[in-house]
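Q: As input, take target-v2.cif (mmCIF, N, CA and C atoms):
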data_target
loop_
_atom_site.label_atom_id
_atom_site.label_comp_id
_atom_site.auth_asym_id
_atom_site.auth_seq_id
_atom_site.Cartn_x
_atom_site.Cartn_y
_atom_site.Cartn_z
N MET A 158 -5.45 -5.50 5.08
CA MET A 158 -6.13 -5.37 6.35
C MET A 158 -5.56 -6.44 7.28
N ASP A 159 -5.16 -6.02 8.47
CA ASP A 159 -4.58 -6.95 9.43
C ASP A 159 -5.63 -7.51 10.37
N VAL A 160 -5.46 -8.76 10.77
CA VAL A 160 -6.31 -9.35 11.80
C VAL A 160 -5.93 -8.71 13.13
N ASP A 161 -6.91 -8.14 13.81
CA ASP A 161 -6.67 -7.45 15.07
C ASP A 161 -6.87 -8.37 16.27
N ALA A 162 -7.77 -9.33 16.12
CA ALA A 162 -8.09 -10.25 17.22
C ALA A 162 -8.88 -11.42 16.66
N TRP A 163 -9.20 -12.37 17.52
CA TRP A 163 -10.02 -13.53 17.16
C TRP A 163 -11.20 -13.59 18.09
N ASP A 164 -12.39 -13.86 17.55
CA ASP A 164 -13.58 -14.02 18.38
C ASP A 164 -13.42 -15.29 19.20
N LYS A 165 -13.48 -15.17 20.53
CA LYS A 165 -13.23 -16.32 21.40
C LYS A 165 -14.28 -17.41 21.28
N SER A 166 -15.51 -17.04 20.97
CA SER A 166 -16.56 -18.06 20.90
C SER A 166 -16.64 -18.75 19.54
N THR A 167 -16.35 -18.01 18.47
CA THR A 167 -16.49 -18.58 17.13
C THR A 167 -15.15 -18.88 16.45
N GLY A 168 -14.08 -18.22 16.91
CA GLY A 168 -12.78 -18.39 16.28
C GLY A 168 -12.61 -17.58 15.00
N VAL A 169 -13.58 -16.74 14.67
CA VAL A 169 -13.53 -15.93 13.45
C VAL A 169 -12.56 -14.77 13.65
N ALA A 170 -11.79 -14.46 12.62
CA ALA A 170 -10.86 -13.34 12.67
C ALA A 170 -11.62 -12.02 12.71
N LEU A 171 -11.13 -11.08 13.52
CA LEU A 171 -11.73 -9.76 13.63
C LEU A 171 -10.76 -8.71 13.08
N VAL A 172 -11.29 -7.76 12.33
CA VAL A 172 -10.49 -6.67 11.79
C VAL A 172 -11.12 -5.35 12.22
N VAL A 173 -10.35 -4.28 12.18
CA VAL A 173 -10.87 -2.97 12.56
C VAL A 173 -11.60 -2.35 11.38
N ASP A 174 -12.85 -2.00 11.60
CA ASP A 174 -13.66 -1.28 10.62
C ASP A 174 -13.47 0.20 10.93
N ALA A 175 -12.60 0.88 10.18
CA ALA A 175 -12.25 2.28 10.46
C ALA A 175 -13.47 3.20 10.34
N GLN A 176 -14.34 2.91 9.40
CA GLN A 176 -15.52 3.76 9.21
C GLN A 176 -16.52 3.56 10.35
N GLY A 177 -16.68 2.31 10.78
CA GLY A 177 -17.64 2.01 11.84
C GLY A 177 -17.06 2.22 13.23
N GLY A 178 -15.73 2.28 13.32
CA GLY A 178 -15.08 2.51 14.61
C GLY A 178 -15.15 1.33 15.56
N ALA A 179 -15.17 0.12 15.02
CA ALA A 179 -15.25 -1.06 15.88
C ALA A 179 -14.61 -2.26 15.17
N ARG A 180 -14.37 -3.30 15.95
CA ARG A 180 -13.91 -4.55 15.33
C ARG A 180 -15.09 -5.20 14.64
N ARG A 181 -14.77 -5.91 13.55
CA ARG A 181 -15.82 -6.55 12.75
C ARG A 181 -15.30 -7.90 12.26
N PRO A 182 -16.14 -8.94 12.25
CA PRO A 182 -15.70 -10.24 11.72
C PRO A 182 -15.39 -10.14 10.23
N VAL A 183 -14.30 -10.77 9.80
CA VAL A 183 -13.95 -10.72 8.37
C VAL A 183 -15.04 -11.36 7.52
N THR A 184 -15.75 -12.32 8.07
CA THR A 184 -16.82 -12.98 7.32
C THR A 184 -18.01 -12.06 7.07
N GLY A 185 -18.02 -10.87 7.70
CA GLY A 185 -19.08 -9.90 7.48
C GLY A 185 -18.87 -9.06 6.24
N TYR A 186 -17.69 -9.16 5.62
CA TYR A 186 -17.43 -8.42 4.39
C TYR A 186 -17.90 -9.27 3.21
N PRO A 187 -18.73 -8.72 2.31
CA PRO A 187 -19.26 -9.52 1.20
C PRO A 187 -18.19 -10.04 0.24
N ASN A 188 -17.05 -9.35 0.16
CA ASN A 188 -16.01 -9.79 -0.77
C ASN A 188 -14.91 -10.60 -0.07
N PHE A 189 -15.14 -11.02 1.19
CA PHE A 189 -14.14 -11.81 1.90
C PHE A 189 -14.02 -13.19 1.27
N SER A 190 -12.78 -13.60 1.04
CA SER A 190 -12.53 -14.90 0.43
C SER A 190 -11.81 -15.84 1.39
N HIS A 191 -10.67 -15.41 1.93
CA HIS A 191 -9.89 -16.27 2.81
C HIS A 191 -8.80 -15.44 3.50
N LEU A 192 -8.22 -16.03 4.52
CA LEU A 192 -7.07 -15.43 5.19
C LEU A 192 -5.81 -16.05 4.63
N GLU A 193 -4.75 -15.28 4.60
CA GLU A 193 -3.47 -15.79 4.14
C GLU A 193 -2.39 -15.29 5.09
N ARG A 194 -1.60 -16.22 5.62
CA ARG A 194 -0.54 -15.84 6.56
C ARG A 194 0.56 -15.09 5.82
N SER A 195 1.03 -14.03 6.43
CA SER A 195 2.15 -13.30 5.86
C SER A 195 2.97 -12.71 7.00
N ASP A 196 4.25 -12.53 6.75
CA ASP A 196 5.12 -11.91 7.73
C ASP A 196 4.97 -10.40 7.62
N GLN A 197 5.13 -9.71 8.74
CA GLN A 197 5.04 -8.26 8.75
C GLN A 197 6.34 -7.66 8.23
N VAL A 198 6.24 -6.76 7.26
CA VAL A 198 7.42 -6.07 6.75
C VAL A 198 7.79 -4.98 7.75
N VAL A 199 9.06 -5.00 8.19
CA VAL A 199 9.52 -4.04 9.18
C VAL A 199 10.56 -3.06 8.62
N SER A 200 11.07 -3.37 7.44
CA SER A 200 12.10 -2.50 6.87
C SER A 200 12.19 -2.72 5.36
N ALA A 201 12.68 -1.71 4.68
CA ALA A 201 12.97 -1.82 3.24
C ALA A 201 14.38 -1.31 3.02
N VAL A 202 15.15 -2.06 2.25
CA VAL A 202 16.53 -1.72 1.95
C VAL A 202 16.67 -1.58 0.44
N SER A 203 17.44 -0.59 0.02
CA SER A 203 17.65 -0.36 -1.41
C SER A 203 18.11 -1.63 -2.12
N GLY A 204 17.68 -1.79 -3.36
CA GLY A 204 18.08 -2.95 -4.16
C GLY A 204 19.58 -3.00 -4.43
N GLY A 205 20.25 -1.87 -4.32
CA GLY A 205 21.71 -1.82 -4.39
C GLY A 205 22.32 -2.38 -5.66
N GLY A 206 21.59 -2.30 -6.78
CA GLY A 206 22.15 -2.79 -8.04
C GLY A 206 21.93 -4.26 -8.30
N TRP A 207 21.27 -4.98 -7.38
CA TRP A 207 20.98 -6.40 -7.59
C TRP A 207 19.98 -6.56 -8.72
N ARG A 208 20.05 -7.70 -9.39
CA ARG A 208 19.10 -8.04 -10.45
C ARG A 208 18.62 -9.48 -10.23
N ALA A 209 17.37 -9.74 -10.57
CA ALA A 209 16.82 -11.09 -10.48
C ALA A 209 16.83 -11.71 -11.87
N TYR A 210 17.17 -12.99 -11.96
CA TYR A 210 17.30 -13.66 -13.25
C TYR A 210 16.46 -14.94 -13.25
N TRP A 211 15.68 -15.13 -14.32
CA TRP A 211 14.94 -16.36 -14.54
C TRP A 211 15.37 -16.90 -15.90
N LYS A 212 15.64 -18.18 -15.97
CA LYS A 212 16.13 -18.71 -17.24
C LYS A 212 15.02 -18.97 -18.26
N ASP A 213 13.75 -19.03 -17.83
CA ASP A 213 12.68 -19.37 -18.78
C ASP A 213 11.40 -18.54 -18.59
N GLU A 214 11.50 -17.34 -18.05
CA GLU A 214 10.31 -16.51 -17.82
C GLU A 214 10.19 -15.36 -18.81
N GLY A 215 11.14 -15.20 -19.70
CA GLY A 215 11.11 -14.10 -20.66
C GLY A 215 10.31 -14.43 -21.90
N PRO A 216 10.41 -13.57 -22.90
CA PRO A 216 9.70 -13.82 -24.16
C PRO A 216 10.08 -15.18 -24.76
N ASP A 217 9.12 -15.87 -25.27
CA ASP A 217 9.32 -17.20 -25.87
C ASP A 217 10.02 -18.17 -24.91
N ASN A 218 9.69 -18.05 -23.61
CA ASN A 218 10.27 -18.90 -22.56
C ASN A 218 11.79 -18.78 -22.46
N GLY A 219 12.31 -17.64 -22.88
CA GLY A 219 13.74 -17.37 -22.78
C GLY A 219 14.08 -16.71 -21.46
N PRO A 220 15.33 -16.25 -21.33
CA PRO A 220 15.76 -15.64 -20.07
C PRO A 220 15.12 -14.27 -19.83
N LEU A 221 15.02 -13.91 -18.55
CA LEU A 221 14.47 -12.63 -18.15
C LEU A 221 15.29 -12.11 -16.97
N THR A 222 15.69 -10.85 -17.04
CA THR A 222 16.42 -10.22 -15.94
C THR A 222 15.68 -8.94 -15.56
N GLU A 223 15.43 -8.76 -14.26
CA GLU A 223 14.73 -7.57 -13.76
C GLU A 223 15.54 -6.94 -12.64
N GLN A 224 15.50 -5.63 -12.55
CA GLN A 224 16.18 -4.90 -11.49
C GLN A 224 15.44 -5.08 -10.17
N VAL A 225 16.17 -5.32 -9.09
CA VAL A 225 15.59 -5.36 -7.75
C VAL A 225 15.53 -3.93 -7.24
N LEU A 226 14.32 -3.43 -7.01
CA LEU A 226 14.16 -2.05 -6.52
C LEU A 226 14.48 -1.95 -5.04
N ALA A 227 14.04 -2.96 -4.28
CA ALA A 227 14.26 -2.94 -2.83
C ALA A 227 14.17 -4.36 -2.29
N TRP A 228 14.74 -4.56 -1.13
CA TRP A 228 14.60 -5.80 -0.36
C TRP A 228 13.69 -5.47 0.81
N LEU A 229 12.56 -6.17 0.91
CA LEU A 229 11.65 -5.99 2.04
C LEU A 229 12.01 -6.99 3.11
N VAL A 230 12.31 -6.51 4.31
CA VAL A 230 12.75 -7.36 5.41
C VAL A 230 11.59 -7.54 6.38
N THR A 231 11.28 -8.81 6.72
CA THR A 231 10.15 -9.10 7.60
C THR A 231 10.60 -9.21 9.05
N SER A 232 9.61 -9.29 9.93
CA SER A 232 9.89 -9.41 11.36
C SER A 232 10.61 -10.71 11.70
N LYS A 233 10.57 -11.68 10.78
CA LYS A 233 11.27 -12.96 11.00
C LYS A 233 12.65 -12.96 10.35
N GLY A 234 13.07 -11.80 9.80
CA GLY A 234 14.40 -11.68 9.21
C GLY A 234 14.51 -12.16 7.78
N ARG A 235 13.40 -12.43 7.14
CA ARG A 235 13.43 -12.86 5.74
C ARG A 235 13.46 -11.64 4.82
N ALA A 236 14.15 -11.78 3.70
CA ALA A 236 14.20 -10.70 2.72
C ALA A 236 13.47 -11.15 1.46
N THR A 237 12.60 -10.29 0.95
CA THR A 237 11.86 -10.56 -0.27
C THR A 237 12.15 -9.44 -1.25
N ARG A 238 12.42 -9.79 -2.48
CA ARG A 238 12.76 -8.77 -3.46
C ARG A 238 11.51 -8.10 -4.03
N SER A 239 11.60 -6.82 -4.26
CA SER A 239 10.56 -6.07 -4.97
C SER A 239 11.15 -5.68 -6.31
N LEU A 240 10.44 -6.01 -7.38
CA LEU A 240 10.99 -5.86 -8.73
C LEU A 240 10.27 -4.78 -9.52
N SER A 241 10.98 -4.20 -10.47
CA SER A 241 10.35 -3.29 -11.42
C SER A 241 9.63 -4.14 -12.46
N MET A 242 8.63 -3.59 -13.08
CA MET A 242 7.89 -4.27 -14.12
C MET A 242 8.00 -3.46 -15.41
N PRO A 243 7.83 -4.10 -16.57
CA PRO A 243 7.90 -3.37 -17.84
C PRO A 243 6.92 -2.19 -17.92
N THR A 244 5.82 -2.26 -17.14
CA THR A 244 4.82 -1.20 -17.17
C THR A 244 5.24 -0.01 -16.31
N GLY A 245 6.34 -0.15 -15.55
CA GLY A 245 6.76 0.90 -14.64
C GLY A 245 6.25 0.68 -13.23
N ALA A 246 5.36 -0.28 -13.05
CA ALA A 246 4.87 -0.62 -11.72
C ALA A 246 5.90 -1.50 -11.03
N TRP A 247 5.63 -1.92 -9.80
CA TRP A 247 6.53 -2.84 -9.11
C TRP A 247 5.72 -3.98 -8.53
N THR A 248 6.39 -5.06 -8.24
CA THR A 248 5.73 -6.24 -7.70
C THR A 248 6.63 -6.92 -6.68
N THR A 249 6.01 -7.64 -5.77
CA THR A 249 6.74 -8.43 -4.79
C THR A 249 6.31 -9.86 -4.93
N PRO A 250 7.21 -10.75 -5.34
CA PRO A 250 6.86 -12.17 -5.49
C PRO A 250 6.40 -12.76 -4.16
N ARG A 251 5.55 -13.77 -4.21
CA ARG A 251 5.05 -14.41 -3.00
C ARG A 251 6.14 -15.19 -2.27
N ALA A 252 7.03 -15.81 -3.00
CA ALA A 252 8.05 -16.66 -2.36
C ALA A 252 9.21 -15.80 -1.86
N PRO A 253 9.41 -15.75 -0.53
CA PRO A 253 10.52 -14.95 -0.01
C PRO A 253 11.85 -15.65 -0.23
N ILE A 254 12.90 -14.87 -0.21
CA ILE A 254 14.25 -15.41 -0.26
C ILE A 254 14.72 -15.50 1.18
N ALA A 255 14.98 -16.70 1.65
CA ALA A 255 15.34 -16.88 3.07
C ALA A 255 16.78 -16.54 3.31
#
Can you present the structure in this file as structure tokens?
A:
Amino acid sequence: MDVDAWDKSTGVALVVDAQGGARRPVTGYPNFSHLERSDQVVSAVSGGGWRAYWKDEGPDNGPLTEQVLAWLVTSKGRATRSLSMPTGAWTTPRAPIA
């Protein structure tokens, strides 16, 4: 859910409540925890055969290599890798590659 605006008097972030058809303070959601800054993804590029390697993230703290499915490009020009997972799902690490 994206922040749509900020309440000028309280400074609380406002989001669009699609069901209610109006802006609503994020603090009005019972499961709201916190805001986290993120760059907007504007493009996705094929992984092109790239692989990500970690020297100590595999079984028994050994090496691990995963296929890069795609590079997600943000509005600030940063690329973040999206990886395949052993379960068949995919994940995007929090730390972007600048």
Q: I need the output of the PyMOL selection byres ((chain A and resi 215-227) around 6) for this file as a list in words; which residues are they?
A: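 Checked against the file, the PyMOL selection byres ((chain A and resi 215-227) around 6) matches Val202, Ser203, Gly204, Gly205, Gly206, Trp207, Arg208, Ala209, Tyr210, Trp211, Lys212, Asp213, Glu214, Trp228, Leu229, Thr237, Arg238, Ser239, Leu240 and Ser241 of chain A.
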Q: How would you write, as a CSV table (one decimal) with N, CA and C atoms, in the coordinates of the input, the residues chosen by the PyMOL selection byres (((chain A and resi 169 and name CA) around 12) and name CA) on this structure?
A:
chain,number,residue,atom,x,y,z
A,160,VAL,N,-5.5,-8.8,10.8
A,160,VAL,CA,-6.3,-9.4,11.8
A,160,VAL,C,-5.9,-8.7,13.1
A,161,ASP,N,-6.9,-8.1,13.8
A,161,ASP,CA,-6.7,-7.4,15.1
A,161,ASP,C,-6.9,-8.4,16.3
A,162,ALA,N,-7.8,-9.3,16.1
A,162,ALA,CA,-8.1,-10.2,17.2
A,162,ALA,C,-8.9,-11.4,16.7
A,163,TRP,N,-9.2,-12.4,17.5
A,163,TRP,CA,-10.0,-13.5,17.2
A,163,TRP,C,-11.2,-13.6,18.1
A,164,ASP,N,-12.4,-13.9,17.6
A,164,ASP,CA,-13.6,-14.0,18.4
A,164,ASP,C,-13.4,-15.3,19.2
A,165,LYS,N,-13.5,-15.2,20.5
A,165,LYS,CA,-13.2,-16.3,21.4
A,165,LYS,C,-14.3,-17.4,21.3
A,166,SER,N,-15.5,-17.0,21.0
A,166,SER,CA,-16.6,-18.1,20.9
A,166,SER,C,-16.6,-18.8,19.5
A,167,THR,N,-16.4,-18.0,18.5
A,167,THR,CA,-16.5,-18.6,17.1
A,167,THR,C,-15.2,-18.9,16.4
A,168,GLY,N,-14.1,-18.2,16.9
A,168,GLY,CA,-12.8,-18.4,16.3
A,168,GLY,C,-12.6,-17.6,15.0
A,170,ALA,N,-11.8,-14.5,12.6
A,170,ALA,CA,-10.9,-13.3,12.7
A,170,ALA,C,-11.6,-12.0,12.7
A,171,LEU,N,-11.1,-11.1,13.5
A,171,LEU,CA,-11.7,-9.8,13.6
A,171,LEU,C,-10.8,-8.7,13.1
A,172,VAL,N,-11.3,-7.8,12.3
A,172,VAL,CA,-10.5,-6.7,11.8
A,172,VAL,C,-11.1,-5.4,12.2
A,180,ARG,N,-14.4,-3.3,16.0
A,180,ARG,CA,-13.9,-4.6,15.3
A,180,ARG,C,-15.1,-5.2,14.6
A,181,ARG,N,-14.8,-5.9,13.6
A,181,ARG,CA,-15.8,-6.6,12.8
A,181,ARG,C,-15.3,-7.9,12.3
A,182,PRO,N,-16.1,-8.9,12.2
A,182,PRO,CA,-15.7,-10.2,11.7
A,182,PRO,C,-15.4,-10.1,10.2
A,183,VAL,N,-14.3,-10.8,9.8
A,183,VAL,CA,-14.0,-10.7,8.4
A,183,VAL,C,-15.0,-11.4,7.5
A,184,THR,N,-15.8,-12.3,8.1
A,184,THR,CA,-16.8,-13.0,7.3
A,184,THR,C,-18.0,-12.1,7.1
A,185,GLY,N,-18.0,-10.9,7.7
A,185,GLY,CA,-19.1,-9.9,7.5
A,185,GLY,C,-18.9,-9.1,6.2
A,191,HIS,N,-10.7,-15.4,1.9
A,191,HIS,CA,-9.9,-16.3,2.8
A,191,HIS,C,-8.8,-15.4,3.5
A,192,LEU,N,-8.2,-16.0,4.5
A,192,LEU,CA,-7.1,-15.4,5.2
A,192,LEU,C,-5.8,-16.0,4.6
Q: Among chain A, which ones does DSSP place in strand (DSSP E), written as a PyMOL selection string?
A: chain A and resi 162-163+170-174+179-182+198-203+208-211+221-231+236-241+247-248
Q: Rounded to one decimal, what separation in Å do you get between atom N of Ser200 (chain A) and CA of Val173 (chain A)?
A: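 Interatomic distance here is 22.5 Å.
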Q: As an exercise, work out the distance from atom N of Val199 (chain A) to atom N of Ala179 (chain A) in Å and give it to one decimal place.
A: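 The value is 25.7 Å.
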Q: For Val198 (chain A), which residue among A:Arg235, A:Met158, A:Val230, A:Gln176 is the nearest when counting only N, CA and C atoms?
A: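 Ranking A:Arg235, A:Met158, A:Val230, A:Gln176 by distance to Val198 (chain A), first place goes to A:Val230.
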Q: Could you add N, CA, C and O atoms to region 188-208 of chain A and give me the result as a PDB file, keeping the file's coordinate frame?
A:
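Final output, saved to part_20.pdb:
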ATOM      1  N   ASN A 188     -17.050  -9.350   0.160  1.00  0.00           N
ATOM      2  CA  ASN A 188     -16.010  -9.790  -0.770  1.00  0.00           C
ATOM      3  C   ASN A 188     -14.910 -10.600  -0.070  1.00  0.00           C
ATOM      4  O   ASN A 188     -13.879 -10.877  -0.669  1.00  0.00           O
ATOM      5  N   PHE A 189     -15.140 -11.020   1.190  1.00  0.00           N
ATOM      6  CA  PHE A 189     -14.140 -11.810   1.900  1.00  0.00           C
ATOM      7  C   PHE A 189     -14.020 -13.190   1.270  1.00  0.00           C
ATOM      8  O   PHE A 189     -14.999 -13.853   0.987  1.00  0.00           O
ATOM      9  N   SER A 190     -12.780 -13.600   1.040  1.00  0.00           N
ATOM     10  CA  SER A 190     -12.530 -14.900   0.430  1.00  0.00           C
ATOM     11  C   SER A 190     -11.810 -15.840   1.390  1.00  0.00           C
ATOM     12  O   SER A 190     -12.283 -16.927   1.677  1.00  0.00           O
ATOM     13  N   HIS A 191     -10.670 -15.410   1.930  1.00  0.00           N
ATOM     14  CA  HIS A 191      -9.890 -16.270   2.810  1.00  0.00           C
ATOM     15  C   HIS A 191      -8.800 -15.440   3.500  1.00  0.00           C
ATOM     16  O   HIS A 191      -8.526 -14.320   3.119  1.00  0.00           O
ATOM     17  N   LEU A 192      -8.220 -16.030   4.520  1.00  0.00           N
ATOM     18  CA  LEU A 192      -7.070 -15.430   5.190  1.00  0.00           C
ATOM     19  C   LEU A 192      -5.810 -16.050   4.630  1.00  0.00           C
ATOM     20  O   LEU A 192      -5.799 -17.223   4.258  1.00  0.00           O
ATOM     21  N   GLU A 193      -4.750 -15.280   4.600  1.00  0.00           N
ATOM     22  CA  GLU A 193      -3.470 -15.790   4.140  1.00  0.00           C
ATOM     23  C   GLU A 193      -2.390 -15.290   5.090  1.00  0.00           C
ATOM     24  O   GLU A 193      -2.294 -14.101   5.359  1.00  0.00           O
ATOM     25  N   ARG A 194      -1.600 -16.220   5.620  1.00  0.00           N
ATOM     26  CA  ARG A 194      -0.540 -15.840   6.560  1.00  0.00           C
ATOM     27  C   ARG A 194       0.560 -15.090   5.820  1.00  0.00           C
ATOM     28  O   ARG A 194       0.971 -15.467   4.724  1.00  0.00           O
ATOM     29  N   SER A 195       1.030 -14.030   6.430  1.00  0.00           N
ATOM     30  CA  SER A 195       2.150 -13.300   5.860  1.00  0.00           C
ATOM     31  C   SER A 195       2.970 -12.710   7.000  1.00  0.00           C
ATOM     32  O   SER A 195       2.451 -12.448   8.081  1.00  0.00           O
ATOM     33  N   ASP A 196       4.250 -12.530   6.750  1.00  0.00           N
ATOM     34  CA  ASP A 196       5.120 -11.910   7.730  1.00  0.00           C
ATOM     35  C   ASP A 196       4.970 -10.400   7.620  1.00  0.00           C
ATOM     36  O   ASP A 196       4.735  -9.858   6.544  1.00  0.00           O
ATOM     37  N   GLN A 197       5.130  -9.710   8.740  1.00  0.00           N
ATOM     38  CA  GLN A 197       5.040  -8.260   8.750  1.00  0.00           C
ATOM     39  C   GLN A 197       6.340  -7.660   8.230  1.00  0.00           C
ATOM     40  O   GLN A 197       7.427  -8.011   8.690  1.00  0.00           O
ATOM     41  N   VAL A 198       6.240  -6.760   7.260  1.00  0.00           N
ATOM     42  CA  VAL A 198       7.420  -6.070   6.750  1.00  0.00           C
ATOM     43  C   VAL A 198       7.790  -4.980   7.750  1.00  0.00           C
ATOM     44  O   VAL A 198       6.959  -4.162   8.130  1.00  0.00           O
ATOM     45  N   VAL A 199       9.060  -5.000   8.190  1.00  0.00           N
ATOM     46  CA  VAL A 199       9.520  -4.040   9.180  1.00  0.00           C
ATOM     47  C   VAL A 199      10.560  -3.060   8.620  1.00  0.00           C
ATOM     48  O   VAL A 199      10.885  -2.073   9.260  1.00  0.00           O
ATOM     49  N   SER A 200      11.070  -3.370   7.440  1.00  0.00           N
ATOM     50  CA  SER A 200      12.100  -2.500   6.870  1.00  0.00           C
ATOM     51  C   SER A 200      12.190  -2.720   5.360  1.00  0.00           C
ATOM     52  O   SER A 200      11.823  -3.773   4.854  1.00  0.00           O
ATOM     53  N   ALA A 201      12.680  -1.710   4.680  1.00  0.00           N
ATOM     54  CA  ALA A 201      12.970  -1.820   3.240  1.00  0.00           C
ATOM     55  C   ALA A 201      14.380  -1.310   3.020  1.00  0.00           C
ATOM     56  O   ALA A 201      14.778  -0.285   3.572  1.00  0.00           O
ATOM     57  N   VAL A 202      15.150  -2.060   2.250  1.00  0.00           N
ATOM     58  CA  VAL A 202      16.530  -1.720   1.950  1.00  0.00           C
ATOM     59  C   VAL A 202      16.670  -1.580   0.440  1.00  0.00           C
ATOM     60  O   VAL A 202      16.103  -2.358  -0.316  1.00  0.00           O
ATOM     61  N   SER A 203      17.440  -0.590   0.020  1.00  0.00           N
ATOM     62  CA  SER A 203      17.650  -0.360  -1.410  1.00  0.00           C
ATOM     63  C   SER A 203      18.110  -1.630  -2.120  1.00  0.00           C
ATOM     64  O   SER A 203      18.850  -2.443  -1.554  1.00  0.00           O
ATOM     65  N   GLY A 204      17.680  -1.790  -3.360  1.00  0.00           N
ATOM     66  CA  GLY A 204      18.080  -2.950  -4.160  1.00  0.00           C
ATOM     67  C   GLY A 204      19.580  -3.000  -4.430  1.00  0.00           C
ATOM     68  O   GLY A 204      20.130  -4.053  -4.729  1.00  0.00           O
ATOM     69  N   GLY A 205      20.250  -1.870  -4.320  1.00  0.00           N
ATOM     70  CA  GLY A 205      21.710  -1.820  -4.390  1.00  0.00           C
ATOM     71  C   GLY A 205      22.320  -2.380  -5.660  1.00  0.00           C
ATOM     72  O   GLY A 205      23.426  -2.899  -5.636  1.00  0.00           O
ATOM     73  N   GLY A 206      21.590  -2.300  -6.780  1.00  0.00           N
ATOM     74  CA  GLY A 206      22.150  -2.790  -8.040  1.00  0.00           C
ATOM     75  C   GLY A 206      21.930  -4.260  -8.300  1.00  0.00           C
ATOM     76  O   GLY A 206      22.325  -4.780  -9.340  1.00  0.00           O
ATOM     77  N   TRP A 207      21.270  -4.980  -7.380  1.00  0.00           N
ATOM     78  CA  TRP A 207      20.980  -6.400  -7.590  1.00  0.00           C
ATOM     79  C   TRP A 207      19.980  -6.560  -8.720  1.00  0.00           C
ATOM     80  O   TRP A 207      19.154  -5.695  -8.979  1.00  0.00           O
ATOM     81  N   ARG A 208      20.050  -7.700  -9.390  1.00  0.00           N
ATOM     82  CA  ARG A 208      19.100  -8.040 -10.450  1.00  0.00           C
ATOM     83  C   ARG A 208      18.620  -9.480 -10.230  1.00  0.00           C
ATOM     84  O   ARG A 208      19.364 -10.301  -9.721  1.00  0.00           O
TER      85      ARG A 208
END
